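my_file08.txt, holding compact mmCIF, C-alpha atoms:
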# COMPACT_ATOMS: atom_id res chain seq x y z
CA MET A 381 0.00 0.00 0.00
CA ALA A 382 1.29 3.44 -0.93
CA ASP A 383 2.32 5.85 1.77
CA LEU A 384 -0.24 8.38 2.86
CA SER A 385 0.49 11.56 0.90
CA ILE A 386 0.51 14.46 3.32
CA THR A 387 0.70 18.16 2.59
CA ALA A 388 2.80 19.59 5.39
CA ALA A 389 0.74 22.78 5.63
CA ASN A 390 -2.37 20.73 6.43
CA VAL A 391 -0.98 19.06 9.55
CA GLU A 392 -2.58 20.22 12.78
CA LYS A 393 -3.19 18.76 16.21
CA ALA A 394 -6.84 18.09 16.97
CA ALA A 395 -9.03 16.77 19.77
CA GLY A 396 -7.18 15.25 22.70
CA ALA A 397 -3.77 15.92 21.22
CA VAL A 398 -0.83 14.98 23.44
CA THR A 399 2.42 16.56 22.34
CA GLU A 400 6.06 16.32 23.31
CA SER A 401 9.04 18.48 22.40
CA TYR A 402 12.39 17.26 21.14
CA ILE A 403 15.33 18.44 19.06
CA ALA A 404 15.39 17.33 15.44
CA GLY A 405 18.36 15.20 14.43
CA ALA A 406 17.82 15.85 10.74
CA THR A 407 15.41 17.71 8.50
CA VAL A 408 11.86 16.79 9.48
CA THR A 409 8.65 17.81 7.72
CA ALA A 410 5.23 18.16 9.32
CA GLY A 411 3.35 14.87 9.14
CA GLN A 412 6.39 12.63 9.27
CA ALA A 413 6.72 9.82 11.81
CA VAL A 414 9.75 10.12 14.05
CA TYR A 415 11.63 8.02 16.59
CA ILE A 416 14.09 9.15 19.21
CA ASP A 417 17.71 8.25 18.54
CA SER A 418 19.00 6.62 21.72
CA ALA A 419 22.53 7.92 21.16
CA THR A 420 21.67 11.57 20.60
CA GLY A 421 18.20 11.90 22.13
CA LYS A 422 17.14 13.67 18.95
CA ALA A 423 14.14 13.00 16.74
CA ALA A 424 14.85 11.20 13.47
CA LEU A 425 12.67 9.79 10.70
CA ALA A 426 11.18 6.42 11.58
CA ALA A 427 11.02 3.49 9.16
CA CYS A 428 9.93 -0.12 9.51
CA ASP A 429 12.73 -1.69 7.47
CA LEU A 430 15.86 -0.48 9.19
CA THR A 431 16.57 -1.22 12.84
CA ALA A 432 14.18 -1.98 15.68
CA GLU A 433 15.15 1.40 17.10
CA ALA A 434 14.21 3.22 13.90
CA ALA A 435 10.83 1.46 13.99
CA ASN A 436 10.25 2.50 17.57
CA VAL A 437 8.04 5.34 16.41
CA LYS A 438 7.39 8.03 18.99
CA GLY A 439 5.04 10.42 17.25
CA ILE A 440 4.15 12.57 14.27
CA ALA A 441 5.88 15.88 13.58
CA LEU A 442 3.57 18.88 13.86
CA HIS A 443 5.83 21.25 11.92
CA GLY A 444 9.05 21.33 9.98
CA ALA A 445 12.50 21.58 11.49
CA SER A 446 16.11 21.30 10.42
CA ALA A 447 18.79 19.46 12.36
CA ASP A 448 19.20 20.77 15.91
CA GLN A 449 16.05 22.88 15.79
CA PRO A 450 13.18 22.35 18.25
CA LEU A 451 10.50 19.93 17.10
CA GLU A 452 7.01 19.38 18.53
CA ILE A 453 5.52 15.96 17.88
CA GLN A 454 2.09 14.53 18.60
CA VAL A 455 2.09 11.21 20.46
CA ASP A 456 -1.61 10.63 21.13
CA GLY A 457 -5.08 11.97 20.40
CA THR A 458 -6.39 13.03 17.02
CA ILE A 459 -4.15 14.55 14.37
CA TYR A 460 -5.48 16.33 11.29
CA LEU A 461 -3.48 15.50 8.18
CA GLY A 462 -5.71 16.59 5.34
CA ALA A 463 -5.56 12.98 4.17
CA GLY A 464 -6.55 9.53 5.28
CA THR A 465 -9.27 6.91 4.95
CA GLU A 466 -11.86 6.47 7.64
CA GLY A 467 -11.62 3.09 9.35
CA ALA A 468 -8.26 2.20 7.82
CA VAL A 469 -5.44 0.94 10.05
CA TYR A 470 -2.22 2.87 9.51
CA VAL A 471 1.24 1.40 10.13
CA LEU A 472 4.77 2.66 9.77
CA SER A 473 6.16 2.13 6.26
CA ASP A 474 9.62 1.60 4.80
CA THR A 475 9.82 5.20 3.61
CA PRO A 476 11.60 7.24 6.27
CA GLY A 477 8.91 9.22 8.08
CA GLY A 478 6.11 7.59 6.10
CA PHE A 479 3.11 5.50 7.04
CA ALA A 480 0.59 3.57 4.99
CA SER A 481 -2.74 1.80 5.22
CA HIS A 482 -2.21 -1.73 6.55
CA THR A 483 -3.17 -4.50 4.16
CA ASP A 484 -2.86 -7.99 5.66
CA ALA A 485 -0.98 -10.36 7.95
CA ASP A 486 2.07 -10.24 5.65
CA ASP A 487 2.29 -6.48 5.93
CA PRO A 488 4.88 -5.16 6.74
CA ALA A 489 7.07 -7.68 4.95
CA SER A 490 9.31 -10.12 6.79
CA THR A 491 12.41 -8.46 8.26
CA GLU A 492 10.32 -5.33 8.78
CA TYR A 493 8.81 -4.29 12.08
CA THR A 494 5.11 -3.83 12.72
CA ALA A 495 4.41 -0.45 14.28
CA VAL A 496 0.83 0.79 14.47
CA ILE A 497 0.21 4.50 13.95
CA GLY A 498 -3.56 4.68 14.37
CA VAL A 499 -6.99 4.46 12.77
CA GLY A 500 -8.25 6.86 10.10
CA ASN A 501 -11.12 9.06 11.20
CA ASP A 502 -13.95 10.76 9.32
CA ASP A 503 -12.20 14.13 9.15
CA SER A 504 -9.05 13.54 7.07
CA GLY A 505 -6.99 12.58 10.06
CA ILE A 506 -5.90 9.75 12.29
CA ASP A 507 -6.88 8.83 15.82
CA LEU A 508 -3.40 8.01 17.01
CA CYS A 509 -2.62 4.70 18.65
CA ILE A 510 1.13 4.69 18.33
CA PHE A 511 2.36 1.22 19.19
CA PRO A 512 5.78 0.15 17.97
CA THR A 513 6.93 -3.46 18.32
CA THR A 514 10.03 -5.50 17.63
CA TYR A 515 7.99 -8.21 15.92
CA GLN A 516 8.36 -9.18 12.29
CA THR A 517 6.12 -11.23 10.04
CA ALA A 518 7.34 -14.73 9.30
CA MET B 283 -9.53 -13.81 7.43
CA ALA B 284 -10.64 -16.36 10.00
CA GLU B 285 -11.24 -15.35 13.57
CA VAL B 286 -8.88 -16.59 16.27
CA SER B 287 -9.92 -19.88 17.84
CA VAL B 288 -9.03 -19.51 21.50
CA THR B 289 -8.67 -22.38 23.97
CA ALA B 290 -9.82 -20.84 27.23
CA ALA B 291 -7.43 -22.84 29.43
CA GLU B 292 -4.42 -21.44 27.52
CA VAL B 293 -5.21 -17.77 28.17
CA LEU B 294 -2.75 -16.30 30.67
CA VAL B 295 -1.41 -12.91 31.68
CA GLY B 296 2.02 -12.07 30.30
CA ALA B 297 4.68 -9.46 30.91
CA GLY B 298 3.45 -6.04 31.91
CA ALA B 299 -0.16 -7.14 32.13
CA VAL B 300 -2.62 -4.47 33.20
CA VAL B 301 -5.61 -6.20 34.74
CA LYS B 302 -8.99 -4.87 35.83
CA THR B 303 -11.97 -6.49 37.47
CA GLY B 304 -15.58 -6.16 36.37
CA THR B 305 -18.90 -7.93 36.54
CA ALA B 306 -20.11 -10.18 33.76
CA GLY B 307 -23.41 -9.28 32.13
CA ALA B 308 -23.63 -12.60 30.31
CA THR B 309 -21.63 -15.80 30.05
CA ILE B 310 -17.99 -14.95 29.36
CA THR B 311 -15.11 -17.28 28.53
CA ALA B 312 -11.39 -16.62 28.93
CA GLY B 313 -10.08 -15.03 25.76
CA ASP B 314 -13.32 -13.26 24.92
CA VAL B 315 -13.05 -9.63 23.84
CA LEU B 316 -15.20 -7.45 26.09
CA TYR B 317 -16.93 -4.10 26.19
CA GLU B 318 -18.69 -2.44 29.12
CA ASP B 319 -22.42 -1.88 28.89
CA PRO B 320 -22.83 1.85 29.63
CA VAL B 321 -26.26 1.26 31.19
CA THR B 322 -25.52 -1.64 33.54
CA GLY B 323 -21.74 -1.24 33.85
CA LYS B 324 -21.41 -4.95 33.20
CA LEU B 325 -19.03 -6.66 30.80
CA LEU B 326 -20.39 -8.10 27.57
CA LEU B 327 -18.99 -9.66 24.41
CA ALA B 328 -17.73 -7.08 21.91
CA GLN B 329 -18.13 -7.22 18.15
CA ARG B 330 -17.45 -4.77 15.33
CA ASP B 331 -20.61 -5.25 13.27
CA ALA B 332 -23.30 -4.31 15.76
CA THR B 333 -23.43 -0.93 17.51
CA ALA B 334 -20.61 1.52 18.14
CA THR B 335 -21.01 0.79 21.84
CA GLU B 336 -20.38 -2.91 21.28
CA ALA B 337 -17.14 -2.07 19.47
CA GLN B 338 -15.77 -0.06 22.40
CA VAL B 339 -13.44 -2.80 23.59
CA VAL B 340 -12.11 -2.55 27.14
CA GLY B 341 -10.07 -5.74 27.33
CA ILE B 342 -9.71 -9.51 27.04
CA ALA B 343 -11.27 -11.88 29.60
CA LEU B 344 -8.76 -13.77 31.71
CA GLY B 345 -11.32 -16.15 33.18
CA GLY B 346 -14.86 -17.35 32.71
CA GLY B 347 -18.08 -16.48 34.49
CA GLY B 348 -21.82 -16.10 34.25
CA ASP B 349 -24.09 -13.08 34.57
CA GLY B 350 -23.33 -11.27 37.82
CA GLN B 351 -20.01 -13.01 38.48
CA LYS B 352 -16.68 -11.25 38.77
CA ILE B 353 -14.42 -11.27 35.72
CA GLU B 354 -10.79 -10.25 35.48
CA TYR B 355 -9.83 -8.79 32.14
CA GLN B 356 -6.59 -7.54 30.69
CA THR B 357 -6.39 -4.05 29.20
CA GLY B 358 -2.69 -3.70 28.38
CA GLY B 359 0.64 -5.48 28.30
CA THR B 360 1.27 -8.96 26.96
CA ILE B 361 -1.45 -11.62 26.99
CA GLU B 362 -0.74 -15.26 26.24
CA ILE B 363 -3.45 -16.64 23.98
CA GLY B 364 -1.90 -20.09 23.62
CA SER B 365 -0.38 -22.32 20.99
CA SER B 366 -3.76 -23.63 19.84
CA ALA B 367 -4.71 -20.18 18.56
CA SER B 368 -1.92 -19.93 15.96
CA ILE B 369 -1.26 -16.27 16.63
CA ALA B 370 0.86 -14.80 13.82
CA GLU B 371 3.89 -12.80 14.88
CA ALA B 372 3.68 -9.14 13.84
CA ALA B 373 0.11 -9.46 12.55
CA VAL B 374 -2.28 -6.69 13.54
CA TYR B 375 -5.36 -8.04 15.35
CA ILE B 376 -8.73 -6.33 15.32
CA LEU B 377 -12.17 -6.99 16.77
CA GLY B 378 -14.15 -9.69 14.93
CA THR B 379 -17.74 -9.97 13.84
CA THR B 380 -18.51 -12.88 16.14
CA ALA B 381 -19.35 -11.75 19.66
CA GLY B 382 -16.16 -11.81 21.75
CA ALA B 383 -13.86 -12.71 18.85
CA MET B 384 -10.81 -11.16 17.24
CA GLN B 385 -9.03 -11.72 13.94
CA PRO B 386 -5.92 -10.71 12.03
CA HIS B 387 -6.45 -7.47 10.14
CA THR B 388 -6.63 -7.54 6.39
CA ASP B 389 -8.03 -4.76 4.27
CA HIS B 390 -10.08 -7.09 2.10
CA ASP B 391 -11.37 -10.64 1.97
CA PRO B 392 -10.47 -12.91 -0.96
CA ASP B 393 -13.77 -11.97 -2.59
CA GLY B 394 -12.77 -8.30 -2.51
CA THR B 395 -15.05 -7.33 0.36
CA LYS B 396 -13.51 -4.58 2.43
CA VAL B 397 -12.49 -5.50 5.98
CA PRO B 398 -13.85 -4.19 8.18
CA ALA B 399 -16.82 -3.83 5.85
CA ALA B 400 -18.79 -0.63 5.60
CA THR B 401 -20.99 -0.18 8.70
CA GLN B 402 -18.42 -2.04 10.80
CA TYR B 403 -16.12 -0.39 13.32
CA THR B 404 -12.34 -0.65 13.19
CA THR B 405 -11.14 -1.50 16.67
CA LEU B 406 -7.52 -2.43 17.26
CA ILE B 407 -6.75 -5.21 19.74
CA GLY B 408 -3.00 -5.78 19.50
CA ILE B 409 -0.03 -7.14 17.61
CA GLY B 410 0.96 -10.80 17.59
CA ASN B 411 4.21 -11.60 19.38
CA ASP B 412 6.64 -14.50 19.00
CA ASP B 413 5.22 -16.48 21.92
CA ASN B 414 1.60 -17.27 20.99
CA GLY B 415 0.33 -14.05 22.45
CA LEU B 416 -0.57 -10.47 21.78
CA GLU B 417 0.95 -7.16 22.75
CA LEU B 418 -2.26 -5.34 23.56
CA CYS B 419 -2.85 -1.91 22.02
CA ILE B 420 -6.60 -1.66 22.44
CA LYS B 421 -8.01 1.26 20.48
CA PRO B 422 -11.77 1.29 19.99
CA SER B 423 -13.06 3.64 17.36
CA VAL B 424 -16.36 4.75 15.92
CA HIS B 425 -14.91 4.95 12.44
CA GLN B 426 -16.04 2.85 9.53
CA ILE B 427 -14.57 2.16 6.11
CA SER B 428 -16.69 3.85 3.47
CA ALA B 429 -18.67 1.61 1.15
Written as structure tokens, how would this file's structure read?
Amino acid sequence: MADLSITAANVEKAAGAVTESYIAGATVTAGQAVYIDSATGKAALAACDLTAEAANVKGIALHGASADQPLEIQVDGTIYLGAGTEGAVYVLSDTPGGFASHTDADDPASTEYTAVIGVGNDDSGIDLCIFPTTYQTA
Amino acid sequence: MAEVSVTAAEVLVGAGAVVKTGTAGATITAGDVLYEDPVTGKLLLAQRDATATEAQVVGIALGGGGDGQKIEYQTGGTIEIGSSASIAEAAVYILGTTAGAMQPHTDHDPDGTKVPAATQYTTLIGIGNDDNGLELCIKPSVHQISA
């Protein structure tokens, strides 16, 4: 399944948003999924096909930032993205910072980590349920 | 995708289990997926194809009981479902259409029918681990795939 295509300017926190603040470790765009690098403590782009740490998604960037700039991310509640399918289950993808609609029990592929992002709502957003794991499909 | 066939005697709490106690509103078996009746406050069997209320999952039963009896249910952490259930590692599990059941998520059946179908509610249960169990990430929703 293709990554959700997000226009950065559309990204906004919505009902029940829980946010946290970090320092970006690289260029981050609003709407990208990030993890926290254990060595630097900085936010980097998450992906399901690299390391378990890179799949340990922490939240979704609420704005853009360059390396070493402050970055606010949303970790829970509803996020408005200007995109999304109601009722779809979204998981971290193999594009750094990306996430896609989940398809089946073989998704993500073997050697990739399953990390849930949330469920699409009826207002072009996602009700976040960020839940990274270290498990891989057989 | 077939629903998970749970053997009640194999259902056990795992690491980091968060457990609550409630009162059964009907006959409940270990491994059943539960919601709380907002009128009676009792626990009943959840399913995604009835009302939004019935899709508001609160946890998985850890024991069995009849109407009015105490039930322990797990709301977070790892739950052991058992080897008989053939839990798939890394699969995403959602609420089923049979009362109290869950199933691996797929976005469509072999016949092309969307899953969950329109008028059904997408409620996350957890992710399969490598030890016949689930890492619970219960997330009920009122959202439905469009037809």
Can you measure CA of Ala468 in chain A to CA of Gly500 in chain A for me? One decimal in Å is fine.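 Value for the CA of Ala468 in chain A-CA of Gly500 in chain A distance: 5.2 Å.
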Of the listed residues A:Ala382, A:Ala389, A:Ala410, A:Cys509, that which approaches Thr458 in chain A most closely, counting all atoms listed in the file: A:Cys509
Given a cut-off of 7 Å, which residues of chain B touch chain A, counting all atoms listed in the file, written out as a PyMOL selection string? chain B and resi 371-374+386-389+403-404+411+419+421+425-428
Selection near range 308-323 of chain B, 9 Å with all atoms listed in the file, sequence-local residues under 4 positions removed, as an NGL selection string: :B and (288-294 or 304 or 327-329 or 335-351 or 353 or 355 or 363 or 377-378 or 381-384 or 407)
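For the pair CA of Asn390 in chain A and CA of Ala427 in chain A, the separation is 22.0 Å.
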Would you list the contacts of Asp383 in chain A as a PDB file with C-alpha atoms, in the coordinates of the input, taking every protein, DNA or RNA residue within 10 Å and counting all atoms listed in the file, but skipping same-chain residues closer than 6 positions in sequence?
ATOM      1  CA  TYR A 470      -2.220   2.870   9.510  1.00  0.00           C
ATOM      2  CA  VAL A 471       1.240   1.400  10.130  1.00  0.00           C
ATOM      3  CA  LEU A 472       4.770   2.660   9.770  1.00  0.00           C
ATOM      4  CA  SER A 473       6.160   2.130   6.260  1.00  0.00           C
ATOM      5  CA  ASP A 474       9.620   1.600   4.800  1.00  0.00           C
ATOM      6  CA  THR A 475       9.820   5.200   3.610  1.00  0.00           C
ATOM      7  CA  GLY A 477       8.910   9.220   8.080  1.00  0.00           C
ATOM      8  CA  GLY A 478       6.110   7.590   6.100  1.00  0.00           C
ATOM      9  CA  PHE A 479       3.110   5.500   7.040  1.00  0.00           C
ATOM     10  CA  ALA A 480       0.590   3.570   4.990  1.00  0.00           C
ATOM     11  CA  SER A 481      -2.740   1.800   5.220  1.00  0.00           C
TER      12      SER A 481
END
Can you tell me how far CA of Asp448 in chain A sits from CA of Gly396 in chain A, in Å to one decimal?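 So the answer is 27.8 Å.
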If we count only C-alpha atoms, what is near Asp413 in chain B at a cut-off of 12 Å, once residues fewer than 5 positions away on the same chain are taken out, given as a VMD selection string? (chain A and resid 515) or (chain B and resid 294 296 to 297 360 to 372)
When distances are computed from all atoms listed in the file, which of A:Ala434, A:Ile386, A:Val398, A:Val414 shows the smallest separation from Leu461 in chain A?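 Looking only at the distances to Leu461 in chain A, the closest residue turns out to be A:Ile386.
Proximity to Val301 in chain B at 7 Å, evaluated using all atoms listed in the file and with sequence-adjacent residues fewer than 5 positions away removed, yields Glu354, Tyr355, Gln356 and Thr357 of chain B.
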N, CA and C atoms modelled onto range 349-371 of chain B, as a PDB file, keeping the file's coordinate frame:
ATOM      1  N   ASP B 349     -23.495 -14.387  34.254  1.00  0.00           N
ATOM      2  CA  ASP B 349     -24.090 -13.080  34.570  1.00  0.00           C
ATOM      3  C   ASP B 349     -24.022 -12.804  36.075  1.00  0.00           C
ATOM      4  N   GLY B 350     -23.430 -11.673  36.425  1.00  0.00           N
ATOM      5  CA  GLY B 350     -23.330 -11.270  37.820  1.00  0.00           C
ATOM      6  C   GLY B 350     -22.050 -11.707  38.516  1.00  0.00           C
ATOM      7  N   GLN B 351     -21.262 -12.549  37.864  1.00  0.00           N
ATOM      8  CA  GLN B 351     -20.010 -13.010  38.480  1.00  0.00           C
ATOM      9  C   GLN B 351     -18.852 -12.071  38.128  1.00  0.00           C
ATOM     10  N   LYS B 352     -17.858 -12.084  38.988  1.00  0.00           N
ATOM     11  CA  LYS B 352     -16.680 -11.250  38.770  1.00  0.00           C
ATOM     12  C   LYS B 352     -15.830 -11.814  37.636  1.00  0.00           C
ATOM     13  N   ILE B 353     -15.292 -10.892  36.841  1.00  0.00           N
ATOM     14  CA  ILE B 353     -14.420 -11.270  35.720  1.00  0.00           C
ATOM     15  C   ILE B 353     -13.184 -10.388  35.762  1.00  0.00           C
ATOM     16  N   GLU B 354     -12.020 -11.015  35.671  1.00  0.00           N
ATOM     17  CA  GLU B 354     -10.790 -10.250  35.480  1.00  0.00           C
ATOM     18  C   GLU B 354     -10.535 -10.149  33.988  1.00  0.00           C
ATOM     19  N   TYR B 355     -10.137  -8.947  33.565  1.00  0.00           N
ATOM     20  CA  TYR B 355      -9.830  -8.790  32.140  1.00  0.00           C
ATOM     21  C   TYR B 355      -8.581  -7.946  31.991  1.00  0.00           C
ATOM     22  N   GLN B 356      -7.862  -8.205  30.905  1.00  0.00           N
ATOM     23  CA  GLN B 356      -6.590  -7.540  30.690  1.00  0.00           C
ATOM     24  C   GLN B 356      -6.759  -6.404  29.690  1.00  0.00           C
ATOM     25  N   THR B 357      -6.209  -5.248  30.037  1.00  0.00           N
ATOM     26  CA  THR B 357      -6.390  -4.050  29.200  1.00  0.00           C
ATOM     27  C   THR B 357      -5.101  -3.604  28.511  1.00  0.00           C
ATOM     28  N   GLY B 358      -3.958  -4.093  28.978  1.00  0.00           N
ATOM     29  CA  GLY B 358      -2.690  -3.700  28.380  1.00  0.00           C
ATOM     30  C   GLY B 358      -1.614  -4.717  28.702  1.00  0.00           C
ATOM     31  N   GLY B 359      -0.449  -4.551  28.091  1.00  0.00           N
ATOM     32  CA  GLY B 359       0.640  -5.480  28.300  1.00  0.00           C
ATOM     33  C   GLY B 359       0.531  -6.699  27.396  1.00  0.00           C
ATOM     34  N   THR B 360       1.247  -7.743  27.764  1.00  0.00           N
ATOM     35  CA  THR B 360       1.270  -8.960  26.960  1.00  0.00           C
ATOM     36  C   THR B 360       0.256  -9.963  27.496  1.00  0.00           C
ATOM     37  N   ILE B 361      -0.521 -10.559  26.602  1.00  0.00           N
ATOM     38  CA  ILE B 361      -1.450 -11.620  26.990  1.00  0.00           C
ATOM     39  C   ILE B 361      -1.107 -12.861  26.182  1.00  0.00           C
ATOM     40  N   GLU B 362      -1.020 -13.982  26.893  1.00  0.00           N
ATOM     41  CA  GLU B 362      -0.740 -15.260  26.240  1.00  0.00           C
ATOM     42  C   GLU B 362      -2.062 -15.860  25.801  1.00  0.00           C
ATOM     43  N   ILE B 363      -2.210 -16.065  24.508  1.00  0.00           N
ATOM     44  CA  ILE B 363      -3.450 -16.640  23.980  1.00  0.00           C
ATOM     45  C   ILE B 363      -3.339 -18.151  23.850  1.00  0.00           C
ATOM     46  N   GLY B 364      -2.123 -18.651  23.652  1.00  0.00           N
ATOM     47  CA  GLY B 364      -1.900 -20.090  23.620  1.00  0.00           C
ATOM     48  C   GLY B 364      -1.573 -20.627  22.245  1.00  0.00           C
ATOM     49  N   SER B 365      -0.872 -21.752  22.240  1.00  0.00           N
ATOM     50  CA  SER B 365      -0.380 -22.320  20.990  1.00  0.00           C
ATOM     51  C   SER B 365      -1.503 -22.802  20.080  1.00  0.00           C
ATOM     52  N   SER B 366      -2.652 -23.139  20.659  1.00  0.00           N
ATOM     53  CA  SER B 366      -3.760 -23.630  19.840  1.00  0.00           C
ATOM     54  C   SER B 366      -4.335 -22.542  18.939  1.00  0.00           C
ATOM     55  N   ALA B 367      -4.082 -21.299  19.281  1.00  0.00           N
ATOM     56  CA  ALA B 367      -4.710 -20.180  18.560  1.00  0.00           C
ATOM     57  C   ALA B 367      -3.956 -19.766  17.305  1.00  0.00           C
ATOM     58  N   SER B 368      -2.726 -20.263  17.149  1.00  0.00           N
ATOM     59  CA  SER B 368      -1.920 -19.930  15.960  1.00  0.00           C
ATOM     60  C   SER B 368      -1.830 -18.424  15.727  1.00  0.00           C
ATOM     61  N   ILE B 369      -1.453 -17.709  16.758  1.00  0.00           N
ATOM     62  CA  ILE B 369      -1.260 -16.270  16.630  1.00  0.00           C
ATOM     63  C   ILE B 369      -0.048 -16.005  15.723  1.00  0.00           C
ATOM     64  N   ALA B 370      -0.213 -15.105  14.770  1.00  0.00           N
ATOM     65  CA  ALA B 370       0.860 -14.800  13.820  1.00  0.00           C
ATOM     66  C   ALA B 370       1.702 -13.639  14.325  1.00  0.00           C
ATOM     67  N   GLU B 371       2.999 -13.870  14.436  1.00  0.00           N
ATOM     68  CA  GLU B 371       3.890 -12.800  14.880  1.00  0.00           C
ATOM     69  C   GLU B 371       3.795 -11.611  13.944  1.00  0.00           C
TER      70      GLU B 371
END
